[in-house]
file run_3.cif (mmCIF, C-alpha atoms)
data_model
#
loop_
_atom_site.label_atom_id
_atom_site.label_comp_id
_atom_site.auth_asym_id
_atom_site.auth_seq_id
_atom_site.Cartn_x
_atom_site.Cartn_y
_atom_site.Cartn_z
CA MET A 190 0.00 0.00 0.00
CA LYS A 191 1.36 3.38 -0.99
CA ASP A 192 2.61 5.63 1.79
CA GLU A 193 0.47 8.70 2.10
CA MET A 194 2.30 11.60 0.54
CA ASN A 195 3.56 13.82 3.29
CA LEU A 196 5.99 16.68 3.52
CA LYS A 197 8.62 14.78 5.51
CA LEU A 198 8.74 12.02 2.89
CA LEU A 199 9.07 14.60 0.13
CA ALA A 200 11.76 16.51 2.00
CA SER A 201 13.93 13.49 2.62
CA THR A 202 13.51 12.15 -0.93
CA LEU A 203 14.01 15.43 -2.82
CA ASP A 204 16.87 16.88 -0.80
CA GLY A 205 20.10 16.50 -2.75
CA ILE A 206 18.68 14.82 -5.87
CA THR A 207 19.35 15.79 -9.49
CA THR A 208 16.28 15.82 -11.70
CA GLU A 209 16.00 14.23 -15.15
CA GLN A 210 16.92 17.50 -16.81
CA GLY A 211 19.84 18.08 -14.50
CA LEU A 212 18.46 20.41 -11.83
CA LYS A 213 20.15 19.93 -8.47
CA LEU A 214 17.62 20.32 -5.68
CA THR A 215 17.77 21.00 -1.96
CA ALA A 216 14.70 20.72 0.24
CA ASP A 217 13.93 21.96 3.77
CA ILE A 218 10.76 22.17 5.78
CA ILE A 219 9.66 25.62 7.00
CA PRO A 220 7.51 25.12 10.10
CA GLY A 221 4.48 27.36 10.43
CA GLU A 222 0.71 27.39 10.70
CA ILE A 223 0.88 24.88 7.93
CA ASP A 224 4.22 23.22 7.18
CA VAL A 225 5.77 24.31 3.92
CA LEU A 226 8.52 22.49 2.05
CA GLN A 227 11.01 24.88 0.48
CA VAL A 228 12.74 23.42 -2.58
CA GLN A 229 15.60 25.26 -4.23
CA ALA A 230 17.27 24.52 -7.55
CA GLU A 231 21.00 25.19 -7.87
CA ASP A 232 21.68 28.68 -9.32
CA ARG A 233 18.01 29.56 -8.95
CA GLU A 234 17.91 29.89 -5.19
CA GLU A 235 16.15 33.24 -5.42
CA PHE A 236 13.05 31.50 -6.80
CA PRO A 237 12.32 28.68 -4.39
CA ILE A 238 9.41 26.34 -4.97
CA TYR A 239 7.12 26.00 -1.98
CA VAL A 240 5.27 22.71 -1.60
CA THR A 241 2.28 22.03 0.66
CA VAL A 242 0.18 18.90 1.10
CA ASP A 243 -3.45 18.89 2.24
CA ASP A 244 -6.53 16.63 2.08
CA SER A 245 -7.16 17.19 -1.57
CA GLN A 246 -3.92 18.05 -3.32
CA ILE A 247 -0.19 18.65 -3.41
CA LEU A 248 0.45 22.27 -4.27
CA CYS A 249 3.73 23.66 -5.65
CA VAL A 250 4.06 27.44 -5.80
CA SER A 251 6.76 29.83 -6.96
CA TYR A 252 6.63 33.58 -6.49
CA MET A 253 7.42 35.69 -9.53
CA TRP A 254 6.95 39.43 -9.00
CA LYS A 255 4.71 41.92 -7.23
CA GLU A 256 2.35 44.49 -8.69
CA PRO A 257 4.68 47.47 -7.99
CA GLU A 258 7.33 45.82 -10.21
CA VAL A 259 5.11 46.01 -13.29
CA LYS A 260 5.99 48.87 -15.68
CA GLU A 261 3.43 51.67 -15.87
CA GLY A 262 1.00 51.16 -18.70
CA LYS A 263 2.19 47.61 -19.37
CA ARG A 264 -0.10 45.77 -16.98
CA GLU A 265 -2.78 44.90 -19.51
CA GLU A 266 -0.28 43.50 -22.01
CA LEU A 267 1.37 41.53 -19.22
CA LEU A 268 -1.90 39.99 -18.06
CA ASP A 269 -2.78 39.16 -21.66
CA ALA A 270 0.58 37.47 -22.15
CA LEU A 271 0.19 35.47 -18.94
CA LEU A 272 -3.24 34.17 -19.93
CA THR A 273 -2.04 33.29 -23.42
CA MET A 274 1.01 31.48 -22.11
CA ASN A 275 -0.96 29.28 -19.74
CA ILE A 276 -1.88 26.63 -22.31
CA PRO A 277 1.50 26.00 -24.00
CA MET A 278 3.25 25.96 -20.63
CA PRO A 279 3.57 22.37 -19.40
CA LEU A 280 2.13 21.36 -16.03
CA SER A 281 2.13 24.84 -14.46
CA ALA A 282 -0.26 27.77 -14.51
CA PHE A 283 -0.02 31.48 -13.73
CA SER A 284 -2.03 33.04 -10.95
CA LYS A 285 -2.20 36.00 -8.62
CA VAL A 286 -2.69 36.27 -4.86
CA GLY A 287 -3.32 39.86 -3.89
CA ASP A 288 -0.52 41.80 -5.53
CA GLN A 289 1.80 38.79 -5.84
CA TYR A 290 2.08 37.08 -9.20
CA ILE A 291 2.72 33.40 -8.81
CA ILE A 292 3.15 30.26 -10.88
CA PHE A 293 1.84 26.99 -9.51
CA GLY A 294 1.25 23.33 -10.15
CA ALA A 295 -1.27 21.10 -8.38
CA LEU A 296 -1.02 17.32 -8.13
CA SER A 297 -3.31 14.65 -6.75
CA LYS A 298 -2.40 13.63 -3.23
CA ASN A 299 -2.05 10.11 -4.65
CA SER A 300 0.95 11.16 -6.74
CA ASP A 301 4.36 9.65 -6.05
CA VAL A 302 7.63 11.47 -5.46
CA ASP A 303 8.70 11.17 -9.11
CA ASP A 304 5.55 13.01 -10.17
CA VAL A 305 6.24 15.77 -7.67
CA ALA A 306 9.88 16.05 -8.79
CA GLU A 307 8.73 16.34 -12.40
CA ASP A 308 6.26 19.08 -11.49
CA ILE A 309 8.92 20.96 -9.51
CA GLU A 310 11.35 20.73 -12.41
CA ALA A 311 8.72 22.04 -14.85
CA LEU A 312 7.78 24.79 -12.43
CA SER A 313 11.37 25.95 -12.10
CA ASN A 314 12.00 25.92 -15.84
CA ASN A 315 8.70 27.64 -16.54
CA THR A 316 9.50 30.34 -13.97
CA MET A 317 12.80 31.07 -15.70
CA ASP A 318 11.19 31.09 -19.14
CA ALA A 319 8.34 33.34 -18.01
CA LEU A 320 10.71 35.81 -16.38
CA GLU A 321 12.83 35.90 -19.51
CA ILE A 322 9.90 36.40 -21.85
CA LEU A 323 8.04 38.87 -19.66
CA SER A 324 11.00 40.91 -18.44
CA GLU A 325 10.07 43.65 -20.91
CA TYR A 326 6.98 44.33 -18.80
CA LEU A 327 8.88 44.55 -15.54
CA LYS A 328 10.83 47.43 -14.06
CA MET B 39 -24.23 34.96 -3.12
CA SER B 40 -22.37 31.93 -4.42
CA ILE B 41 -19.41 30.73 -2.44
CA LEU B 42 -17.01 31.60 -5.24
CA LYS B 43 -18.26 35.18 -5.30
CA LYS B 44 -17.90 35.50 -1.53
CA LEU B 45 -14.42 34.13 -1.88
CA LEU B 46 -13.37 36.63 -4.52
CA THR B 47 -14.74 39.47 -2.39
CA ALA B 48 -12.82 38.29 0.66
CA VAL B 49 -9.57 37.85 -1.25
CA ARG B 50 -9.85 41.21 -3.03
CA GLY B 51 -10.61 42.91 0.24
CA ALA B 52 -7.42 41.45 1.65
CA ALA B 53 -5.15 43.42 -0.72
CA SER B 54 -3.71 46.08 1.53
CA ASP B 55 -3.22 49.77 0.67
CA ALA B 56 0.53 49.73 1.22
CA GLY B 57 0.80 47.04 -1.44
CA GLU B 58 3.11 45.16 0.91
CA ALA B 59 1.75 42.17 2.75
CA ILE B 60 -1.07 40.86 0.65
CA VAL B 61 -2.46 38.37 3.03
CA ASP B 62 -4.92 39.57 5.61
CA THR B 63 -5.15 37.15 8.52
CA GLN B 64 -8.70 38.30 9.02
CA ALA B 65 -9.56 37.27 5.48
CA ILE B 66 -8.14 33.82 6.16
CA ARG B 67 -10.27 33.47 9.30
CA ILE B 68 -13.35 34.48 7.32
CA MET B 69 -12.59 31.97 4.59
CA GLU B 70 -12.02 29.23 7.12
CA GLN B 71 -15.35 30.02 8.72
CA GLU B 72 -17.05 29.99 5.30
CA MET B 73 -15.60 26.56 4.72
CA ARG B 74 -16.73 25.24 8.09
CA ASP B 75 -20.25 26.55 7.36
CA ALA B 76 -20.24 25.02 3.90
CA LYS B 77 -19.14 21.66 5.29
CA LYS B 78 -21.89 21.80 7.93
CA GLN B 79 -24.42 22.61 5.22
CA LEU B 80 -23.15 19.69 3.24
CA ASN B 81 -23.59 17.27 6.12
CA VAL B 82 -27.13 18.50 6.80
CA ALA B 83 -27.98 18.12 3.11
CA LYS B 84 -26.61 14.59 3.08
CA GLU B 85 -28.62 13.66 6.17
CA ASN B 86 -31.75 15.11 4.57
CA LEU B 87 -31.08 13.14 1.44
CA THR B 88 -30.85 9.90 3.41
CA LYS B 89 -34.14 10.65 5.21
CA ILE B 90 -35.97 11.56 2.04
CA MET B 91 -34.69 8.51 0.22
CA ALA B 92 -35.96 6.31 3.05
CA GLU B 93 -39.37 7.99 2.96
CA LYS B 94 -39.48 7.64 -0.82
CA MET B 95 -38.88 3.92 -0.47
CA GLY B 96 -41.82 3.73 1.91
CA VAL B 97 -44.11 5.47 -0.59
CA GLU B 98 -42.82 3.23 -3.39
CA ARG B 99 -43.83 0.17 -1.39
CA GLU B 100 -47.28 1.64 -0.76
CA VAL B 101 -47.76 2.41 -4.48
CA LYS B 102 -46.84 -1.15 -5.39
CA ARG B 103 -49.20 -2.52 -2.75
CA LEU B 104 -52.06 -0.38 -4.05
CA GLN B 105 -51.39 -1.37 -7.68
CA LYS B 106 -51.48 -5.02 -6.68
CA SER B 107 -54.69 -4.47 -4.73
CA VAL B 108 -56.39 -2.73 -7.67
CA THR B 109 -55.45 -5.61 -9.99
CA GLU B 110 -56.80 -8.17 -7.48
CA HIS B 111 -60.07 -6.33 -7.02
CA GLU B 112 -60.53 -5.96 -10.76
CA ALA B 113 -60.30 -9.75 -10.93
CA TYR B 114 -62.91 -10.05 -8.16
CA ALA B 115 -65.25 -7.71 -10.04
CA MET B 116 -64.91 -9.84 -13.17
CA GLN B 117 -65.75 -12.97 -11.20
CA ALA B 118 -68.81 -11.28 -9.63
CA LEU B 119 -70.06 -10.27 -13.09
CA GLU B 120 -69.62 -13.81 -14.40
CA LYS B 121 -71.77 -14.97 -11.56
CA ASN B 122 -74.28 -12.28 -12.61
CA ASP B 123 -74.01 -10.69 -9.16
CA GLU B 124 -74.32 -7.02 -10.12
CA THR B 125 -74.65 -5.87 -6.54
CA LEU B 126 -71.40 -7.51 -5.51
CA ALA B 127 -69.70 -6.29 -8.63
CA LEU B 128 -70.72 -2.72 -7.80
CA GLN B 129 -69.42 -3.03 -4.25
CA VAL B 130 -66.07 -4.23 -5.59
CA ALA B 131 -66.08 -1.40 -8.14
CA ASP B 132 -66.54 1.12 -5.31
CA LYS B 133 -63.62 -0.41 -3.51
CA ILE B 134 -61.55 -0.18 -6.71
CA ALA B 135 -62.49 3.50 -7.03
CA GLU B 136 -61.28 4.11 -3.46
CA LEU B 137 -58.05 2.24 -4.13
CA THR B 138 -57.45 4.09 -7.41
CA ASN B 139 -57.86 7.48 -5.73
CA GLU B 140 -55.42 6.50 -3.04
CA LEU B 141 -53.03 5.19 -5.71
CA GLU B 142 -53.15 8.50 -7.58
CA THR B 143 -52.36 10.41 -4.39
CA GLN B 144 -49.45 8.16 -3.51
CA THR B 145 -48.08 8.24 -7.06
CA ALA B 146 -48.09 12.04 -7.03
CA LEU B 147 -46.29 11.93 -3.68
CA LEU B 148 -43.72 9.51 -5.08
CA ASN B 149 -43.00 11.80 -8.04
CA SER B 150 -42.54 14.73 -5.72
CA TYR B 151 -40.06 12.72 -3.61
CA SER B 152 -38.17 11.69 -6.74
CA ASP B 153 -37.83 15.34 -7.78
CA ASN B 154 -36.65 16.29 -4.31
CA VAL B 155 -34.01 13.61 -4.33
CA LYS B 156 -32.74 14.76 -7.72
CA THR B 157 -32.54 18.41 -6.60
CA LEU B 158 -30.81 17.54 -3.35
CA LYS B 159 -28.23 15.38 -5.11
CA GLN B 160 -27.43 18.21 -7.52
CA SER B 161 -27.11 20.72 -4.71
CA ILE B 162 -24.80 18.38 -2.80
CA THR B 163 -22.54 17.97 -5.84
CA THR B 164 -22.37 21.74 -6.31
CA THR B 165 -21.59 22.36 -2.64
CA GLU B 166 -18.83 19.74 -2.71
CA ARG B 167 -17.30 21.47 -5.73
CA ASN B 168 -17.48 24.85 -3.99
CA ILE B 169 -15.82 23.47 -0.90
CA LYS B 170 -12.97 22.05 -3.00
CA SER B 171 -12.47 25.50 -4.60
CA LEU B 172 -12.36 27.12 -1.19
CA GLU B 173 -9.87 24.56 0.02
CA ARG B 174 -7.62 25.24 -2.93
CA GLU B 175 -7.69 28.99 -2.41
CA LEU B 176 -7.13 28.64 1.31
CA SER B 177 -4.17 26.39 0.66
CA VAL B 178 -2.49 28.96 -1.56
CA VAL B 179 -3.28 31.85 0.77
CA LYS B 180 -2.01 29.98 3.83
CA THR B 181 1.13 28.95 1.97
CA THR B 182 1.71 32.58 1.01
CA GLU B 183 1.31 33.58 4.65
CA SER B 184 3.78 30.94 5.84
CA VAL B 185 6.29 31.92 3.19
CA GLN B 186 5.97 35.63 3.91
CA LYS B 187 6.55 35.00 7.60
CA ALA B 188 9.60 32.88 6.82
CA ASN B 189 10.96 35.49 4.41
CA ALA B 190 10.39 38.32 6.86
CA ALA B 191 12.19 36.36 9.56
CA ALA B 192 15.10 35.65 7.23
CA ALA B 193 15.33 39.28 6.04
CA ALA B 194 15.19 40.58 9.60
CA LYS B 195 17.98 38.23 10.59
CA PHE B 196 20.31 39.43 7.88
CA SER B 197 19.48 43.08 7.32
CA GLY B 198 17.92 43.97 10.62
CA SER B 199 14.81 45.28 8.90
CA GLY B 200 11.64 43.76 7.48
CA SER B 201 12.48 45.17 4.03
CA SER B 202 11.21 43.34 0.99
CA LEU B 203 13.71 41.39 -1.02
CA SER B 204 15.08 42.22 -4.47
CA SER B 205 12.90 42.53 -7.53
CA ALA B 206 12.27 39.67 -9.91
CA SER B 207 14.28 41.45 -12.64
CA GLU B 208 17.33 41.78 -10.38
CA SER B 209 17.06 38.17 -9.33
CA LEU B 210 16.78 37.06 -12.94
CA GLU B 211 19.92 39.02 -13.86
CA ARG B 212 21.86 37.40 -11.06
CA ILE B 213 20.72 33.96 -12.13
CA LYS B 214 21.61 34.63 -15.76
CA SER B 215 25.10 35.78 -14.85
CA LYS B 216 25.58 32.66 -12.70
CA GLN B 217 24.46 30.51 -15.61
CA GLN B 218 26.68 32.46 -18.01
CA LYS B 219 29.66 31.95 -15.72
CA ARG B 220 28.98 28.24 -15.56
CA SER B 221 28.55 28.04 -19.31
CA ASP B 222 31.79 30.03 -19.87
CA GLN B 223 33.64 27.72 -17.53
CA MET B 224 32.33 24.72 -19.42
CA LYS B 225 33.27 26.26 -22.77
CA ALA B 226 36.77 27.04 -21.56
CA ALA B 227 37.17 23.51 -20.31
CA MET B 228 35.98 22.10 -23.61
CA GLU B 229 38.32 24.30 -25.63
CA LEU B 230 41.22 23.33 -23.48
CA GLN B 231 40.33 19.71 -24.02
CA ARG B 232 40.10 20.27 -27.76
CA GLU B 233 43.46 22.03 -28.01
CA GLN B 234 45.24 19.38 -26.08
CA GLY B 235 43.40 16.72 -27.99
CA ASP B 236 44.34 18.31 -31.37
CA GLY B 237 47.95 18.70 -30.43
CA ASP B 238 48.01 15.03 -29.63
CA LEU B 239 46.43 14.15 -32.95
CA GLN B 240 48.84 16.25 -35.03
CA SER B 241 51.89 14.58 -33.58
CA LYS B 242 50.35 11.15 -34.15
CA LEU B 243 49.65 11.99 -37.82
CA LYS B 244 53.20 13.29 -38.32
CA ALA B 245 54.67 10.19 -36.77
CA ALA B 246 52.62 8.02 -39.10
CA GLY B 247 53.92 9.98 -42.10
CA ILE B 248 50.39 11.01 -43.11
CA VAL B 249 51.15 14.68 -42.68
CA ASN B 250 54.45 16.16 -43.88
CA SER B 251 56.58 17.51 -41.11
CA GLU B 252 57.54 20.46 -43.17
CA SER B 253 56.80 21.54 -46.70
CA SER B 254 60.01 23.03 -48.14
CA GLY B 255 60.02 25.79 -50.76
CA ASN B 256 61.66 23.44 -53.26
CA ASP B 257 58.97 20.84 -52.85
CA ILE B 258 56.31 23.45 -53.50
CA LEU B 259 58.10 24.87 -56.56
CA ALA B 260 58.56 21.38 -58.01
CA ARG B 261 54.84 20.71 -57.54
CA ILE B 262 53.81 23.91 -59.26
CA LYS B 263 56.19 23.26 -62.20
CA ALA B 264 54.73 19.82 -62.66
CA LYS B 265 51.24 21.29 -62.72
CA ARG B 266 52.20 23.83 -65.39
CA ALA B 267 53.78 21.14 -67.54
CA ALA B 268 50.65 18.99 -67.31
CA GLY B 269 48.10 21.81 -67.89
#
call {"tool": "encode", "arguments": {"input": "run_3.cif", "output": "structure tokens"}}
result
Amino acid sequence: MKDEMNLKLLASTLDGITTEQGLKLTADIIPGEIDVLQVQAEDREEFPIYVTVDDSQILCVSYMWKEPEVKEGKREELLDALLTMNIPMPLSAFSKVGDQYIIFGALSKNSDVDDVAEDIEALSNNTMDALEILSEYLK
Amino acid sequence: MSILKKLLTAVRGAASDAGEAIVDTQAIRIMEQEMRDAKKQLNVAKENLTKIMAEKMGVEREVKRLQKSVTEHEAYAMQALEKNDETLALQVADKIAELTNELETQTALLNSYSDNVKTLKQSITTTERNIKSLERELSVVKTTESVQKANAAAAAKFSGSGSSLSSASESLERIKSKQQKRSDQMKAAMELQREQGDGDLQSKLKAAGIVNSESSGNDILARIKAKRAAG
């Protein structure tokens, strides 16, 4: 019977691994009101991926930029670009919480560690791609 | 107001004026309460559904019993007529009329129960979907809160202030220069490898006599003369 996906299991399995596409990961648990797993890819430490597990899903979130960082007059184009890019982007999706733009991936709580690693890898690559492509809209 | 609408209102309301912390703890409490209420509603609806389904089964049984009774009495009436007992036949017919009226009432009741069950089931499905949406949003909002707290703690530790960290553009630049450095290092290593490798190859070729060690001027002149003579 499969072990229920939990943060500790993820932390111990992901810490120190290299993904299929060569990303070296480190993983630590941040204790808090809900425990959050912080995953960092080598060279991309400034964009950690935060993972949480609850009754319904495993959520992976990365924070991109905040509203004040968007160039004046470029917000509409930026939002349009984000919406358009959602489909071709594998596994992840863009979203916003308050004034924080984020990128996230959600997996079934029945997923295994390989699935989560794959999602994290995609998330990290997508974050880099998005930042590159959308940098013209940012200050 | 639908749950999703309430949710959007709560989340929008949470965006602060300073544009700094975007998560309002109060908004989280409200959302959690909404979810608790929704879950309670769901349980009540499910209990109601069970009760109504049980009652419906009771009415179904009654309808079947009445249908059977009507059929039986129709048979009795037939028999009475065959015996030419009009009086008896009429009495049975009265009974059938009574039974048929009752059957109509119960059938109408059964239909109404069936409709109720259908509506309740739909409402339960919708509520369950709404609750899942709420859970998703709460998850993201709570994660954001946890992360912000962790970031603030880290920033305070290193800079002594709760200042926000660098912009996405700055971070991207730093990452790109790290990657460039790594890629340059790799390129340099590869070139070094190639040079050394080539040098090795050249000497091997010379040793095997495949490549002349030196082309002398005389050799070249002789070659050119030969070409002229031939062409």
call {"tool": "resolve_selection", "arguments": {"input": "run_3.cif", "expression": "the PyMOL selection byres ((chain A and resi 313) around 8)", "output": "PDB file with C-alpha atoms, keeping the file's coordinate frame"}}
result
ATOM      1  CA  ALA A 230      17.270  24.520  -7.550  1.00  0.00           C
ATOM      2  CA  PHE A 236      13.050  31.500  -6.800  1.00  0.00           C
ATOM      3  CA  ILE A 238       9.410  26.340  -4.970  1.00  0.00           C
ATOM      4  CA  SER A 251       6.760  29.830  -6.960  1.00  0.00           C
ATOM      5  CA  ILE A 309       8.920  20.960  -9.510  1.00  0.00           C
ATOM      6  CA  GLU A 310      11.350  20.730 -12.410  1.00  0.00           C
ATOM      7  CA  ALA A 311       8.720  22.040 -14.850  1.00  0.00           C
ATOM      8  CA  LEU A 312       7.780  24.790 -12.430  1.00  0.00           C
ATOM      9  CA  ASN A 314      12.000  25.920 -15.840  1.00  0.00           C
ATOM     10  CA  ASN A 315       8.700  27.640 -16.540  1.00  0.00           C
ATOM     11  CA  THR A 316       9.500  30.340 -13.970  1.00  0.00           C
ATOM     12  CA  MET A 317      12.800  31.070 -15.700  1.00  0.00           C
TER      13      MET A 317
END
call {"tool": "resolve_selection", "arguments": {"input": "run_3.cif", "expression": "the PyMOL selection byres ((chain B and resi 159-171) around 8)", "output": "count of residues only"}}
result
18
call {"tool": "residues_near_point", "arguments": {"input": "run_3.cif", "point": "(0.3, 34.5, -12.1)", "cutoff": "10 Å", "atoms": "only C-alpha atoms", "output": "list in words"}}
result
Ser251, Tyr252, Met253, Trp254, Lys255, Leu268, Leu271, Leu272, Asn275, Ala282, Phe283, Ser284, Lys285, Val286, Asp288, Gln289, Tyr290, Ile291, Ile292 and Phe293 of chain A
call {"tool": "resolve_selection", "arguments": {"input": "run_3.cif", "expression": "the PyMOL selection byres ((chain A and resi 226) around 7)", "output": "VMD selection string"}}
result
chain A and resid 196 200 216 to 219 224 to 225 227 to 228 239 to 241
call {"tool": "atom_distance", "arguments": {"input": "run_3.cif", "atom1": "atom CA of B:Gly96", "atom2": "atom CA of B:Asp132"}}
result
25.9 Å
call {"tool": "closest_residue", "arguments": {"input": "run_3.cif", "among": "A:Asp308, A:Glu325, A:Asp204, A:Asp301", "to": "chain B", "atoms": "only C-alpha atoms"}}
result
A:Glu325
call {"tool": "residues_around", "arguments": {"input": "run_3.cif", "residues": "A:Ile223", "least_positions_apart": "2", "cutoff": "8 Å", "atoms": "only C-alpha atoms", "output": "PyMOL selection string"}}
result
(chain A and resi 220-221+225+241) or (chain B and resi 180-181+184)
call {"tool": "write_last_selection", "arguments": {"input": "run_3.cif", "atoms": "C-alpha atoms", "output": "PDB file, in the frame of the given file"}}
result
ATOM      1  CA  PRO A 220       7.510  25.120  10.100  1.00  0.00           C
ATOM      2  CA  GLY A 221       4.480  27.360  10.430  1.00  0.00           C
ATOM      3  CA  VAL A 225       5.770  24.310   3.920  1.00  0.00           C
ATOM      4  CA  THR A 241       2.280  22.030   0.660  1.00  0.00           C
TER       5      THR A 241
ATOM      6  CA  LYS B 180      -2.010  29.980   3.830  1.00  0.00           C
ATOM      7  CA  THR B 181       1.130  28.950   1.970  1.00  0.00           C
ATOM      8  CA  SER B 184       3.780  30.940   5.840  1.00  0.00           C
TER       9      SER B 184
END
call {"tool": "atom_distance", "arguments": {"input": "run_3.cif", "atom1": "atom CA of B:Thr145", "atom2": "atom CA of B:Val97"}}
result
8.1 Å
call {"tool": "closest_residue", "arguments": {"input": "run_3.cif", "among": "B:Leu128, B:Leu104, B:Ser204, B:Thr109", "to": "A:Lys328", "atoms": "all atoms listed in the file"}}
result
B:Ser204
call {"tool": "atom_distance", "arguments": {"input": "run_3.cif", "atom1": "atom CA of B:Met228", "atom2": "atom CA of B:Ile213"}}
result
22.5 Å
call {"tool": "closest_residue", "arguments": {"input": "run_3.cif", "among": "B:Asp222, B:Lys78, B:Lys265, B:Ala65", "to": "chain A", "atoms": "all atoms listed in the file"}}
result
B:Ala65
call {"tool": "closest_residue", "arguments": {"input": "run_3.cif", "among": "A:Ile322, A:Leu212, A:Leu198, A:Leu248", "to": "chain B", "atoms": "only C-alpha atoms"}}
result
A:Leu248
call {"tool": "closest_residue", "arguments": {"input": "run_3.cif", "among": "B:Ser152, B:Ser177, B:Arg67, B:Glu112", "to": "B:Glu98", "atoms": "all atoms listed in the file"}}
result
B:Ser152
call {"tool": "residues_near_point", "arguments": {"input": "run_3.cif", "point": "(14.8, 13.7, -8.2)", "cutoff": "9 Å", "atoms": "all atoms listed in the file", "output": "JSON list (two decimals) with C-alpha atoms, keeping the file's coordinate frame"}}
result
[["chain", "number", "residue", "atom", "x", "y", "z"],
["A", 202, "THR", "CA", 13.51, 12.15, -0.93],
["A", 203, "LEU", "CA", 14.01, 15.43, -2.82],
["A", 204, "ASP", "CA", 16.87, 16.88, -0.80],
["A", 205, "GLY", "CA", 20.10, 16.50, -2.75],
["A", 206, "ILE", "CA", 18.68, 14.82, -5.87],
["A", 207, "THR", "CA", 19.35, 15.79, -9.49],
["A", 208, "THR", "CA", 16.28, 15.82, -11.70],
["A", 209, "GLU", "CA", 16.00, 14.23, -15.15],
["A", 212, "LEU", "CA", 18.46, 20.41, -11.83],
["A", 213, "LYS", "CA", 20.15, 19.93, -8.47],
["A", 214, "LEU", "CA", 17.62, 20.32, -5.68],
["A", 302, "VAL", "CA", 7.63, 11.47, -5.46],
["A", 303, "ASP", "CA", 8.70, 11.17, -9.11],
["A", 305, "VAL", "CA", 6.24, 15.77, -7.67],
["A", 306, "ALA", "CA", 9.88, 16.05, -8.79],
["A", 307, "GLU", "CA", 8.73, 16.34, -12.40],
["A", 310, "GLU", "CA", 11.35, 20.73, -12.41]]
call {"tool": "closest_residue", "arguments": {"input": "run_3.cif", "among": "A:Ala270, A:Glu231, A:Ile276, A:Asp243", "to": "A:Leu320", "atoms": "all atoms listed in the file"}}
result
A:Ala270
call {"tool": "build_atoms", "arguments": {"input": "run_3.cif", "residues": "stretch 257-269 of chain A", "atoms": "N, CA and C atoms", "output": "tab-separated table (two decimals), in the coordinates of the input"}}
result
chain	number	residue	atom	x	y	z
A	257	PRO	N	3.86	46.26	-7.82
A	257	PRO	CA	4.68	47.47	-7.99
A	257	PRO	C	5.85	47.30	-8.97
A	258	GLU	N	6.21	46.03	-9.29
A	258	GLU	CA	7.33	45.82	-10.21
A	258	GLU	C	6.90	45.89	-11.67
A	259	VAL	N	5.59	45.97	-11.90
A	259	VAL	CA	5.11	46.01	-13.29
A	259	VAL	C	5.25	47.42	-13.84
A	260	LYS	N	5.80	47.54	-15.05
A	260	LYS	CA	5.99	48.87	-15.68
A	260	LYS	C	4.65	49.56	-15.86
A	261	GLU	N	4.66	50.89	-15.68
A	261	GLU	CA	3.43	51.67	-15.87
A	261	GLU	C	2.90	51.45	-17.28
A	262	GLY	N	1.62	51.28	-17.39
A	262	GLY	CA	1.00	51.16	-18.70
A	262	GLY	C	1.17	49.81	-19.37
A	263	LYS	N	1.93	48.89	-18.72
A	263	LYS	CA	2.19	47.61	-19.37
A	263	LYS	C	1.38	46.47	-18.77
A	264	ARG	N	0.57	46.82	-17.75
A	264	ARG	CA	-0.10	45.77	-16.98
A	264	ARG	C	-1.05	44.94	-17.84
A	265	GLU	N	-1.81	45.62	-18.70
A	265	GLU	CA	-2.78	44.90	-19.51
A	265	GLU	C	-2.10	43.92	-20.45
A	266	GLU	N	-1.02	44.38	-21.10
A	266	GLU	CA	-0.28	43.50	-22.01
A	266	GLU	C	0.28	42.31	-21.26
A	267	LEU	N	0.79	42.59	-20.04
A	267	LEU	CA	1.37	41.53	-19.22
A	267	LEU	C	0.33	40.48	-18.90
A	268	LEU	N	-0.84	40.93	-18.43
A	268	LEU	CA	-1.90	39.99	-18.06
A	268	LEU	C	-2.33	39.18	-19.27
A	269	ASP	N	-2.42	39.84	-20.43
A	269	ASP	CA	-2.78	39.16	-21.66
A	269	ASP	C	-1.76	38.08	-21.98
